[in-house]
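S.K.: Sending over my_file.txt (compact mmCIF, C-alpha atoms).
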```txt
# COMPACT_ATOMS: atom_id res chain seq x y z
CA MET A 145 10.73 55.47 6.48
CA LEU A 146 10.11 59.24 6.75
CA GLU A 147 10.37 59.05 10.56
CA LYS A 148 13.73 57.34 10.25
CA LEU A 149 14.91 60.00 7.77
CA GLN A 150 13.86 62.77 10.14
CA GLU A 151 15.83 61.10 12.95
CA LEU A 152 18.92 60.97 10.71
CA SER A 153 18.46 64.62 9.78
CA GLU A 154 18.41 65.61 13.46
CA ARG A 155 21.43 63.42 14.14
CA LEU A 156 23.38 65.13 11.32
CA GLU A 157 22.66 68.55 12.87
CA GLU A 158 23.89 67.23 16.21
CA LEU A 159 27.06 65.87 14.58
CA GLU A 160 27.77 69.20 12.86
CA LYS A 161 27.74 70.91 16.25
CA LEU A 162 29.90 68.23 17.84
CA ILE A 163 32.65 68.22 15.19
CA SER A 164 32.99 71.99 15.51
CA ASP A 165 33.36 71.74 19.30
CA PRO A 166 37.00 72.58 20.29
CA ASP A 167 37.02 69.89 22.98
CA ILE A 168 35.97 67.22 20.47
CA ILE A 169 38.57 68.42 17.94
CA LYS A 170 41.29 67.88 20.56
CA ASP A 171 40.19 64.26 20.99
CA LEU A 172 41.40 62.90 17.62
CA LYS A 173 39.88 59.44 18.01
CA ARG A 174 36.43 60.81 18.90
CA TYR A 175 36.68 63.46 16.18
CA ARG A 176 37.47 60.82 13.52
CA GLU A 177 34.54 58.62 14.64
CA LEU A 178 32.09 61.53 14.50
CA SER A 179 33.47 62.72 11.14
CA LYS A 180 32.99 59.25 9.64
CA GLU A 181 29.41 59.12 10.90
CA HIS A 182 28.78 62.61 9.50
CA ALA A 183 30.14 61.61 6.07
CA ARG A 184 28.02 58.44 6.12
CA LEU A 185 24.79 60.35 6.88
CA ARG A 186 25.33 63.39 4.67
CA ASP A 187 24.21 61.87 1.34
CA THR A 188 21.09 60.38 2.92
CA VAL A 189 20.06 63.64 4.63
CA GLU A 190 20.79 65.73 1.52
CA SER A 191 18.53 63.42 -0.50
CA TYR A 192 15.86 63.70 2.22
CA GLU A 193 16.02 67.51 2.05
CA GLU A 194 15.67 67.28 -1.73
CA LEU A 195 12.62 65.06 -1.25
CA LYS A 196 11.04 67.61 1.10
CA ASN A 197 11.63 70.38 -1.44
CA ILE A 198 9.97 68.32 -4.18
CA ASP A 199 7.02 67.58 -1.88
CA ARG A 200 6.60 71.32 -1.25
CA GLU A 201 6.69 72.04 -4.99
CA ILE A 202 4.12 69.28 -5.63
CA GLU A 203 1.77 70.76 -3.01
CA GLU A 204 2.16 74.23 -4.54
CA ALA A 205 1.35 72.87 -8.01
CA LYS A 206 -1.72 71.05 -6.66
CA THR A 207 -2.91 74.23 -4.96
CA ILE A 208 -2.64 76.16 -8.25
CA LEU A 209 -4.63 73.46 -10.05
CA GLU A 210 -7.38 73.59 -7.40
CA GLU A 211 -7.61 77.33 -6.79
CA GLU A 212 -6.22 79.17 -9.83
CA SER A 213 -8.63 80.22 -12.59
CA ASP A 214 -5.98 81.25 -15.13
CA GLU A 215 -5.71 78.38 -17.65
CA GLU A 216 -2.11 79.18 -18.56
CA MET A 217 -1.09 78.97 -14.88
CA LYS A 218 -2.98 75.68 -14.49
CA LYS A 219 -1.26 74.25 -17.55
CA MET A 220 2.18 75.20 -16.15
CA ALA A 221 1.27 73.62 -12.80
CA SER A 222 0.14 70.42 -14.53
CA GLU A 223 3.41 70.21 -16.48
CA GLU A 224 5.35 70.80 -13.27
CA LEU A 225 3.50 67.94 -11.55
CA HIS A 226 4.23 65.68 -14.51
CA ARG A 227 7.94 66.50 -14.15
CA LEU A 228 8.15 66.26 -10.35
CA LYS A 229 6.42 62.91 -9.75
CA PRO A 230 9.08 60.74 -11.52
CA CYS A 231 11.81 62.73 -9.70
CA ARG A 232 10.12 61.97 -6.38
CA ASN A 233 9.90 58.23 -7.19
CA GLU A 234 13.60 58.13 -8.11
CA LEU A 235 14.52 59.87 -4.86
CA LEU A 236 12.41 57.47 -2.81
CA HIS A 237 14.13 54.54 -4.52
CA LYS A 238 17.55 56.04 -3.77
CA LEU A 239 16.63 56.72 -0.13
CA ARG A 240 15.39 53.17 0.41
CA LEU A 241 18.74 51.86 -0.80
CA LEU A 242 20.64 54.37 1.35
CA LEU A 243 18.74 53.18 4.42
CA VAL A 244 19.87 49.57 3.99
CA PRO A 245 21.82 48.68 7.15
CA LYS A 246 25.47 48.49 6.16
CA ASP A 247 27.16 45.13 6.50
CA PRO A 248 30.85 45.37 7.45
CA LEU A 249 31.54 42.89 4.63
CA ASP A 250 29.97 45.12 1.93
CA LYS A 251 33.26 46.75 0.93
CA LYS A 252 35.07 43.42 0.60
CA ASP A 253 36.35 41.97 -2.65
CA ILE A 254 35.00 38.53 -3.45
CA ILE A 255 35.92 35.10 -4.66
CA MET A 256 33.19 33.63 -6.85
CA GLU A 257 32.87 29.92 -7.52
CA ILE A 258 30.74 28.65 -10.43
CA ARG A 259 30.13 24.91 -10.80
CA ALA A 260 28.20 22.92 -13.39
CA GLY A 261 25.42 20.87 -11.80
CA THR A 262 22.82 18.63 -13.42
CA GLY A 263 22.80 18.77 -17.20
CA GLY A 264 26.22 17.50 -18.24
CA GLU A 265 27.93 19.44 -21.01
CA GLU A 266 25.02 21.89 -21.32
CA ALA A 267 25.44 22.81 -17.62
CA ALA A 268 29.18 23.32 -18.20
CA LEU A 269 28.45 25.61 -21.16
CA PHE A 270 26.04 27.64 -19.04
CA ALA A 271 28.68 27.90 -16.29
CA ALA A 272 30.89 29.56 -18.94
CA ASP A 273 27.98 31.85 -19.92
CA LEU A 274 27.56 32.94 -16.29
CA PHE A 275 31.29 33.59 -15.99
CA ARG A 276 31.08 35.87 -19.05
CA MET A 277 27.99 37.58 -17.62
CA TYR A 278 29.71 38.40 -14.32
CA SER A 279 32.91 39.39 -16.17
CA ARG A 280 30.98 41.92 -18.28
CA PHE A 281 29.16 43.24 -15.22
CA ALA A 282 32.55 43.70 -13.53
CA GLU A 283 33.91 45.52 -16.60
CA LEU A 284 30.93 47.91 -16.55
CA ARG A 285 31.73 48.64 -12.89
CA GLY A 286 35.45 49.12 -13.54
CA TRP A 287 36.33 46.10 -11.37
CA LYS A 288 39.23 43.70 -11.86
CA ILE A 289 38.83 39.94 -12.43
CA GLU A 290 41.48 37.29 -11.82
CA ILE A 291 40.93 33.58 -12.53
CA MET A 292 42.07 31.48 -9.59
CA SER A 293 41.28 28.00 -10.87
CA SER A 294 39.34 26.46 -13.76
CA HIS A 295 38.38 23.07 -15.13
CA PRO A 296 37.39 23.63 -18.78
CA THR A 297 35.60 21.11 -20.98
CA GLU A 298 36.53 20.26 -24.55
CA ILE A 299 33.75 22.33 -26.15
CA GLY A 300 34.25 25.57 -24.21
CA GLY A 301 32.38 25.01 -20.98
CA PHE A 302 33.56 24.85 -17.37
CA LYS A 303 33.01 22.04 -14.90
CA GLU A 304 34.18 24.61 -12.36
CA ILE A 305 35.70 28.07 -12.44
CA ILE A 306 36.88 30.08 -9.43
CA PHE A 307 37.84 33.73 -9.79
CA SER A 308 38.29 36.88 -7.73
CA ILE A 309 36.63 40.24 -8.36
CA SER A 310 38.14 43.33 -6.76
CA GLY A 311 36.88 46.91 -6.75
CA ASP A 312 34.50 49.20 -4.88
CA ASN A 313 31.77 47.50 -2.81
CA VAL A 314 31.94 44.24 -4.79
CA TYR A 315 30.40 42.06 -2.07
CA GLU A 316 27.55 44.53 -1.53
CA GLU A 317 26.63 44.29 -5.23
CA LEU A 318 27.05 40.55 -5.80
CA ARG A 319 26.27 38.96 -2.44
CA TYR A 320 22.80 37.84 -3.56
CA GLU A 321 24.13 35.81 -6.51
CA SER A 322 24.85 32.79 -4.29
CA GLY A 323 22.56 29.87 -5.06
CA GLY A 324 21.26 27.67 -7.84
CA HIS A 325 20.93 29.15 -11.34
CA ARG A 326 18.70 27.17 -13.74
CA VAL A 327 18.83 27.45 -17.54
CA GLN A 328 16.16 26.35 -20.00
CA ARG A 329 17.20 26.29 -23.66
CA ILE A 330 17.71 24.12 -26.73
CA PRO A 331 21.31 22.83 -26.70
CA THR A 332 23.28 23.22 -29.93
CA THR A 333 23.79 19.44 -29.86
CA GLU A 334 20.01 18.79 -29.71
CA SER A 335 18.74 17.79 -33.15
CA GLY A 336 15.10 17.41 -32.11
CA GLY A 337 14.71 20.99 -30.93
CA ARG A 338 13.77 19.99 -27.37
CA ILE A 339 14.27 22.39 -24.48
CA HIS A 340 16.67 21.06 -21.84
CA THR A 341 16.89 22.21 -18.23
CA SER A 342 20.31 22.38 -16.60
CA ALA A 343 21.61 23.78 -13.33
CA VAL A 344 24.70 25.65 -12.17
CA THR A 345 25.62 26.63 -8.62
CA VAL A 346 27.25 29.93 -7.68
CA ALA A 347 28.97 30.76 -4.40
CA VAL A 348 29.99 34.32 -3.50
CA LEU A 349 32.63 34.48 -0.76
CA PRO A 350 33.93 37.73 0.76
CA GLU A 351 37.68 37.66 0.27
CA ALA A 352 39.51 37.47 3.56
CA GLU A 353 42.70 39.34 4.42
CA GLU A 354 45.40 37.55 6.37
CA THR A 355 44.38 39.68 9.34
CA ASP A 356 40.75 38.46 9.03
CA ILE A 357 41.52 34.79 9.44
CA GLY A 358 44.76 33.11 10.44
CA ILE A 359 45.86 29.80 8.95
CA ASP A 360 48.47 27.76 10.81
CA PRO A 361 50.94 26.26 8.29
CA GLU A 362 50.97 23.14 10.50
CA ASP A 363 47.28 22.64 9.61
CA LEU A 364 48.03 22.39 5.89
CA LYS A 365 48.90 19.43 3.69
CA VAL A 366 50.30 20.59 0.33
CA ASP A 367 50.55 18.20 -2.64
CA VAL A 368 52.02 19.06 -6.04
CA PHE A 369 51.30 17.32 -9.34
CA ARG A 370 51.18 17.91 -13.09
CA SER A 371 48.26 19.99 -14.28
CA SER A 372 45.88 18.53 -16.86
CA GLY A 373 43.50 20.00 -19.42
CA PRO A 374 40.15 18.90 -20.89
CA GLY A 375 39.91 15.15 -21.33
CA GLY A 376 42.77 14.57 -18.92
CA GLN A 377 45.62 15.43 -21.30
CA SER A 378 48.72 16.87 -19.66
CA VAL A 379 49.21 20.58 -20.27
CA ASN A 380 52.34 20.96 -18.19
CA THR A 381 55.57 18.99 -18.04
CA THR A 382 56.42 20.14 -14.51
CA ASP A 383 54.76 19.52 -11.15
CA SER A 384 53.25 23.01 -10.90
CA ALA A 385 49.65 22.19 -9.91
CA VAL A 386 48.97 22.48 -6.18
CA ARG A 387 46.41 20.81 -3.91
CA VAL A 388 46.07 22.34 -0.44
CA THR A 389 44.18 20.42 2.26
CA HIS A 390 43.16 22.20 5.47
CA LEU A 391 43.34 19.32 7.95
CA PRO A 392 41.08 20.70 10.75
CA SER A 393 38.15 21.44 8.40
CA GLY A 394 38.82 18.94 5.61
CA LEU A 395 38.54 21.69 2.97
CA VAL A 396 40.52 20.98 -0.22
CA VAL A 397 41.52 23.58 -2.83
CA THR A 398 43.27 22.76 -6.10
CA CYS A 399 44.86 25.36 -8.40
CA GLN A 400 46.65 24.54 -11.66
CA ASP A 401 46.09 27.50 -14.03
CA GLU A 402 49.48 29.11 -13.41
CA LYS A 403 52.76 27.63 -14.67
CA SER A 404 54.39 28.53 -11.36
CA GLN A 405 53.90 26.24 -8.36
CA HIS A 406 54.40 29.25 -6.08
CA LYS A 407 51.61 31.24 -7.80
CA ASN A 408 49.23 28.28 -7.73
CA LYS A 409 49.83 27.80 -4.01
CA ALA A 410 49.25 31.51 -3.32
CA LYS A 411 45.92 31.40 -5.21
CA ALA A 412 44.87 28.18 -3.46
CA LEU A 413 45.52 29.82 -0.07
CA ARG A 414 43.40 32.84 -1.08
CA VAL A 415 40.49 30.55 -1.96
CA LEU A 416 40.96 28.51 1.22
CA ARG A 417 41.06 31.65 3.35
CA ALA A 418 37.82 32.91 1.74
CA ARG A 419 36.04 29.59 2.37
CA LEU A 420 37.14 29.49 6.01
CA TYR A 421 36.11 33.12 6.41
CA GLU A 422 32.66 32.33 4.98
CA ILE A 423 32.24 29.50 7.51
CA GLU A 424 33.08 31.92 10.35
CA GLU A 425 30.73 34.58 8.99
CA ARG A 426 27.89 32.07 8.65
CA LYS A 427 28.33 31.14 12.32
CA LYS A 428 28.09 34.82 13.26
CA GLN A 429 25.01 35.31 11.05
CA GLN A 430 23.27 32.36 12.69
CA GLU A 431 23.95 33.93 16.07
CA ARG A 432 22.43 37.20 14.84
CA ALA A 433 19.05 35.56 14.27
CA ALA A 434 17.09 38.79 13.89
CA MET A 435 19.43 40.00 11.18
CA ARG A 436 19.32 36.62 9.48
CA ARG A 437 15.51 36.72 9.18
CA SER A 438 15.74 39.89 7.13
CA GLN A 439 18.09 38.34 4.58
CA ILE A 440 16.76 37.42 1.13
CA GLY A 441 16.85 33.65 0.98
CA SER A 442 19.47 31.70 2.84
CA GLY A 443 22.33 32.29 0.43
CA ASP A 444 22.55 28.50 0.30
CA ARG A 445 24.03 27.43 -3.00
CA SER A 446 21.51 24.53 -3.15
CA GLN A 447 18.61 27.00 -3.21
CA ARG A 448 17.26 27.76 -6.70
CA ILE A 449 17.33 31.52 -6.98
CA ARG A 450 17.00 32.30 -10.69
CA THR A 451 15.83 30.82 -14.01
CA TYR A 452 17.13 31.85 -17.43
CA ASN A 453 14.65 30.83 -20.15
CA PHE A 454 16.21 31.39 -23.58
CA PRO A 455 13.23 30.52 -25.84
CA GLN A 456 11.12 33.15 -24.02
CA ASN A 457 14.00 35.67 -23.60
CA ARG A 458 13.04 35.61 -19.92
CA VAL A 459 14.95 35.76 -16.64
CA THR A 460 13.11 35.25 -13.34
CA ASP A 461 14.46 35.81 -9.83
CA HIS A 462 12.31 33.54 -7.66
CA ARG A 463 13.14 35.23 -4.34
CA ILE A 464 11.45 38.51 -5.27
CA ASN A 465 9.15 37.27 -8.08
CA LEU A 466 10.89 39.55 -10.58
CA THR A 467 10.61 38.62 -14.28
CA LEU A 468 12.37 40.52 -17.07
CA TYR A 469 12.00 39.83 -20.78
CA LYS A 470 15.50 40.99 -21.64
CA LEU A 471 17.61 37.88 -21.16
CA GLU A 472 20.13 38.82 -23.84
CA SER A 473 20.82 42.13 -22.09
CA VAL A 474 21.19 40.42 -18.70
CA MET A 475 23.60 37.83 -20.10
CA GLY A 476 25.54 40.77 -21.54
CA GLY A 477 26.28 41.93 -18.00
CA ASN A 478 23.37 44.33 -17.44
CA LEU A 479 22.47 43.01 -13.99
CA ALA A 480 21.85 46.35 -12.27
CA GLU A 481 18.03 46.15 -12.47
CA ILE A 482 17.97 42.74 -10.77
CA ILE A 483 20.62 43.63 -8.19
CA ASP A 484 18.94 46.93 -7.27
CA ALA A 485 15.58 45.15 -6.85
CA LEU A 486 17.20 42.60 -4.53
CA LYS A 487 18.89 45.33 -2.48
CA LEU A 488 15.62 47.26 -2.26
CA GLU A 489 13.72 44.19 -1.06
CA TYR A 490 16.39 43.57 1.54
CA SER A 491 16.26 47.20 2.71
CA GLU A 492 12.48 47.08 3.19
CA LYS A 493 12.67 43.82 5.11
CA ALA A 494 15.55 45.10 7.22
CA MET A 495 13.65 48.29 8.11
CA THR A 496 10.57 46.36 9.25
CA SER A 497 12.40 43.59 11.12
```
For the structure just supplied, provide its representation as C-alpha cells.
M.R.:
Amino acid sequence: MLEKLQELSERLEELEKLISDPDIIKDLKRYRELSKEHARLRDTVESYEELKNIDREIEEAKTILEEESDEEMKKMASEELHRLKPCRNELLHKLRLLLVPKDPLDKKDIIMEIRAGTGGEEAALFAADLFRMYSRFAELRGWKIEIMSSHPTEIGGFKEIIFSISGDNVYEELRYESGGHRVQRIPTTESGGRIHTSAVTVAVLPEAEETDIGIDPEDLKVDVFRSSGPGGQSVNTTDSAVRVTHLPSGLVVTCQDEKSQHKNKAKALRVLRARLYEIEERKKQQERAAMRRSQIGSGDRSQRIRTYNFPQNRVTDHRINLTLYKLESVMGGNLAEIIDALKLEYSEKAMTS
C-alpha cells in the first residue's frame, strides 16, 4: 500500500507542474482532465503526507525512550506515543478506503427493492423493519427517499416495497446491501416463545438516466387498473394503477401508490430503467472477470449476506465474518460500521487482485 501511495504522491507533483504549463492551460479539454485527476488525488496524498509526519514523530518518541535518561522527557515521549498510535491507525483506515478503485456507478442514486421471502407475515414485518433501517440511514446522510411502489400487509408489514434514494455517493455506500437478509426472533404472534427464522431479499439498483439506457416505447405494453390495498380491498375508484411490461426482456413493473396514472407510469418507467441498466451492468461486470473476482460476494439477491438475531442483540455479516452486538443501534440506521468494513475488505481485495 505504501508503494502505491508513493506513486500517487509522485503523480500529484507531476500534475501540479502540468496544470501550470501555459501550453496545457491553452488546451481546455486536457487542462480539465488533469485538474480532475489532481483534485481526485489531492486528499489521498495529503493524508499520506500526514501519515509520514506521524511516523517521523513516532520514531522520534521511540528514540527518546531508548536513549534519553531524563524521566520527565521519557514520560512525555510515552504520552506522545500513546496519542500518535490511534491517529496512525485512523489514517491507515482512511487511506485504505481512499485507495478503493472508483466505480463509475458510485455516484449514482439507487432504487432499492425489498421483498418478503420465507416466513410469511413475520418476513413481511421484517421487510418493513429493513425499510425503516435504510430510511434512517438515509436521513443521517441527508439523502432523500421516495417510495415508488409498495404492497403493505394488514398488520404493518410489506410483501414488497420499492423506493429510490438520492444524494451523494448513494450507490457507493449501499451497493453491498444486495442479497438475502435473515432474521431470527420471537414473533409477537408466537405464544410459545419460540424463535422463528424468516428471510427478506434486498436488491440495490443504480438508478439509470434516460441517457444511460434507452427504452423504445414500441417495446412497452402498458395496462391500467384500480389499485388495491391489504387484503385486496379497493383503495381507489379510478384506474390509476399502472403495469408496464417490457416485451423484449419480459420484465414487469407495477406501480399503484400515486393517485395519478401519469405519476404511477413515470415511477414504473424509472424502476424498469434501473432493472434494465442493472442487467447491462452485470453483463459488463462478467466481461471484466478480474474486477469481478475482487467483489465481495456476487451481489446475488439469493445469497445470504446477513443475519439479525434479536434475542442475542446480534447482527452478523457472513461475507466478512463481522459480528456486532448492537442490533438495536443497527436497526436504528447506524450502518456505518458495517458498510465501512465491507468497503475496506473490498479495497484490500482490489489492491491485491
S.K.: Would you mind listing what lies within 7 Å of Ile305 of chain A as a list in words, with all atoms listed in the file counted and same-chain residues fewer than 5 positions away left out?
M.R.: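 What passes the distance filter is Glu257, Ile258, Arg259, Ser293, Ser294 and His295 of chain A.
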S.K.: Do you have the atom CA of Val314 of chain A-atom CA of Arg387 of chain A distance handy?
M.R.: 27.6 Å
S.K.: Dump as a Markdown table the rows for residues of segment 318-339 of chain A within 10 Å of segment 273-280 of chain A: closest atom pair and distance in Å with one decimal, all atoms listed in the file counted, ordered by chain and rising residue number.
M.R.:
```
| residue | atom | partner | partner_atom | distance |
| --- | --- | --- | --- | --- |
| A:Leu318 | CA | A:Tyr278 | CA | 9.2 |
| A:Glu321 | CA | A:Tyr278 | CA | 9.9 |
| A:His325 | CA | A:Leu274 | CA | 9.1 |
```
S.K.: Write the residues you've just listed into a file as an mmCIF file, in the frame of the given file, and include C-alpha atoms for each of them.
M.R.:
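For reference, result.cif as written:
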```cif
data_model
loop_
_atom_site.group_PDB
_atom_site.id
_atom_site.type_symbol
_atom_site.label_atom_id
_atom_site.label_comp_id
_atom_site.auth_asym_id
_atom_site.auth_seq_id
_atom_site.Cartn_x
_atom_site.Cartn_y
_atom_site.Cartn_z
ATOM 1 C CA LEU A 318 27.050 40.550 -5.800
ATOM 2 C CA GLU A 321 24.130 35.810 -6.510
ATOM 3 C CA HIS A 325 20.930 29.150 -11.340
#
```
S.K.: Pick out the closest residue to Arg285 of chain A from this set: A:Leu269, A:Ile359, A:Ile309, A:Val386. Count all atoms listed in the file.
M.R.: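 Smallest separation from Arg285 of chain A among the options: A:Ile309.
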S.K.: In Å, with one decimal, what is the gap from atom CA of Gly324 of chain A to atom CA of Gln447 of chain A?
M.R.: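 So the two atoms, atom CA of Gly324 of chain A and atom CA of Gln447 of chain A, lie 5.4 Å apart.
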S.K.: If we count only C-alpha atoms, what is near segment 204-214 of chain A at a cut-off of 10 Å, once residues fewer than 4 positions away on the same chain are taken out, given as a ChimeraX atom specification?
M.R.: /A:198-200,218-225,228
S.K.: Could you work out how far atom CA of Asp171 of chain A lies from atom CA of Val189 of chain A, giving the answer in Å with one decimal?
M.R.: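 Result for atom CA of Val189 of chain A versus atom CA of Asp171 of chain A: 25.9 Å, one decimal.
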S.K.: Counting only C-alpha atoms, which of A:Glu290, A:Glu283, A:Glu317, A:Glu151 gets nearest to Pro350 of chain A?
M.R.: A:Glu317
S.K.: Go through A:Gln328, A:Ser384, A:Ala412, A:Lys196 one by one, measure the shortest atom-to-atom distance of each to Thr451 of chain A using all atoms listed in the file, and give the residue with the smallest value.
M.R.: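 Distance minimum relative to Thr451 of chain A lands on A:Gln328.
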S.K.: For Asp367 of chain A, list every protein, DNA or RNA residue within 10 Å, evaluated using only C-alpha atoms, and leave out those in the same chain fewer than 3 positions away; present the list as a ChimeraX atom specification.
M.R.: /A:364,383-389,398,409
S.K.: Between A:Ala260, A:Ile254, A:Leu420, A:Ala272, single out the one closest to Ile289 of chain A, counting only C-alpha atoms.
M.R.: A:Ile254
S.K.: Using all atoms listed in the file, which of A:Ser308, A:Asn233, A:Ser191, A:Ser322 sits nearest Lys411 of chain A?
M.R.: A:Ser308
S.K.: Considering all atoms listed in the file, can you say which of A:Cys231, A:Leu416, A:Val344, A:Ala410 comes closest to Gly394 of chain A?
M.R.: A:Leu416
S.K.: Within 10 Å of Glu481 of chain A, counting all atoms listed in the file, which residues show up once you throw out same-chain ones fewer than 6 positions away? Write them as a list of chain:residue names, please.
M.R.: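 The contact residues come out as A:Leu466, A:Leu468, A:Val474.
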S.K.: Which polymer residues, whether protein, DNA or RNA, lie within 8 Å of the coordinate (29.8, 21.3, -19.5) when you count only C-alpha atoms? List them as a PyMOL selection string, using the chain letters and numbers from the file.
M.R.: chain A and resi 260+263-271+296-297+299-303
S.K.: If we count only C-alpha atoms and set the cut-off at 8 Å, which residues sit around Leu486 of chain A, ignoring sequence neighbours fewer than 4 positions away in its own chain? Please answer as a short mmCIF file (atom, residue, chain, number, x, y, z; two decimals) with C-alpha atoms, keeping the file's coordinate frame.
M.R.:
```
data_model
loop_
_atom_site.label_atom_id
_atom_site.label_comp_id
_atom_site.auth_asym_id
_atom_site.auth_seq_id
_atom_site.Cartn_x
_atom_site.Cartn_y
_atom_site.Cartn_z
CA TYR A 320 22.80 37.84 -3.56
CA ILE A 440 16.76 37.42 1.13
CA ILE A 464 11.45 38.51 -5.27
CA ILE A 482 17.97 42.74 -10.77
CA TYR A 490 16.39 43.57 1.54
#
```
S.K.: Can you sort out the box for segment 467-482 of chain A, edges along x, y and z, all listed atoms in, 4 Å on every side, with centre and edge lengths in Å to one decimal, as AutoDock Vina command-line options?
M.R.:
```
--center_x 18.4 --center_y 42.1 --center_z -17.3 --size_x 23.7 --size_y 16.5 --size_z 21.1
```
